[in-house]
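**Student:** Handing you a structure now.
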Amino acid sequence: MRAIFILTITIFSLNAHAGLNKWVDAQGNVHYSDKVPQNVKVQSVPNIAGTGQAAAPATYSSKSYAEREAELKKSKQEKTEASEKKAQKEAQAEEKKRNCVAAQNNLRMLEEGTRIMTYDANGEKTYLDDAAREQRLSESRQAVASNCN
């Protein structure tokens, strides 16, 4: 009895491997069938059951778990390095911006023409003479040119 049941199921399952075709009739209705109609453009439906499909190429080899994990670690490290470089560039840009503002303020102060007072090594007040003022103006212009681009 059991053998007859298995034989019957096997016979009926042979029809399940038949090809499936899809077409649209003149009214726009979609039809599916294992038989191809006459004078109709038919589209073959792929087999999604997994039977009858070609095997993977012989040259294909999936990566092992260790290889995939190594690639993941490498990818994470590259992302971390990229974010660190980006943060470093942003910090450098911010520092350059601060230096630019300081150089512009220094240049503005020197160009206003007021007397500039400094302290010497002994802590005594000294005033800049015209030659020292021109020297500092030149240095300030160079600092603005290098930091404010």
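As shown in the structure tokens, the chain order sets the letters A, B, ...; within each chain, residues go from 1, and ligands are also counted from 1 in the order they appear.
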Need to verify the contact set: Gly113 (chain A), 12 Å, only C-alpha atoms, exclusion of same-chain residues closer than 4 positions in sequence. Can you return it as a ChimeraX atom specification?

**Tutor:** /A:107-109,128-130,133-134,137

**Student:** As a ChimeraX atom specification, please: all residues of region 51-138 of chain A that backbone DSSP puts in alpha helix (DSSP H).

**Tutor:** /A:65-111,130-138

**Student:** Could you go through chain A and tell me which residues DSSP, when run on the backbone, assigns to strand (DSSP E or B), listing them as a VMD selection string?

**Tutor:** chain A and resid 20 to 24 30 to 33 43 to 45 117 to 119 125 to 127

**Student:** Would you mind exporting C-alpha atoms of the selected residues as an mmCIF file, in the first residue's frame?

**Tutor:**
data_model
loop_
_atom_site.group_PDB
_atom_site.id
_atom_site.type_symbol
_atom_site.label_atom_id
_atom_site.label_comp_id
_atom_site.auth_asym_id
_atom_site.auth_seq_id
_atom_site.Cartn_x
_atom_site.Cartn_y
_atom_site.Cartn_z
ATOM 1 C CA LEU A 20 5.788 27.431 -17.662
ATOM 2 C CA ASN A 21 4.894 30.052 -20.262
ATOM 3 C CA LYS A 22 3.260 33.437 -19.863
ATOM 4 C CA TRP A 23 1.339 35.422 -22.479
ATOM 5 C CA VAL A 24 -1.155 38.263 -22.737
ATOM 6 C CA VAL A 30 -2.375 37.452 -18.518
ATOM 7 C CA HIS A 31 -2.325 33.674 -18.948
ATOM 8 C CA TYR A 32 0.083 31.018 -17.648
ATOM 9 C CA SER A 33 0.322 27.559 -19.171
ATOM 10 C CA GLN A 43 7.577 34.704 -22.354
ATOM 11 C CA SER A 44 9.182 31.793 -20.521
ATOM 12 C CA VAL A 45 8.815 31.919 -16.728
ATOM 13 C CA MET A 117 53.735 99.409 23.128
ATOM 14 C CA THR A 118 55.623 96.193 23.928
ATOM 15 C CA TYR A 119 57.468 94.842 26.936
ATOM 16 C CA LYS A 125 57.559 99.271 28.357
ATOM 17 C CA THR A 126 59.039 100.144 24.997
ATOM 18 C CA TYR A 127 57.383 101.712 21.951
#

**Student:** Measuring atom to atom with only C-alpha atoms, identify which of A:Arg115, A:Leu110, A:Gly123, A:Ile11 is nearest to Gln135 (chain A).

**Tutor:**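 Smallest distance to Gln135 (chain A) is found for A:Leu110.
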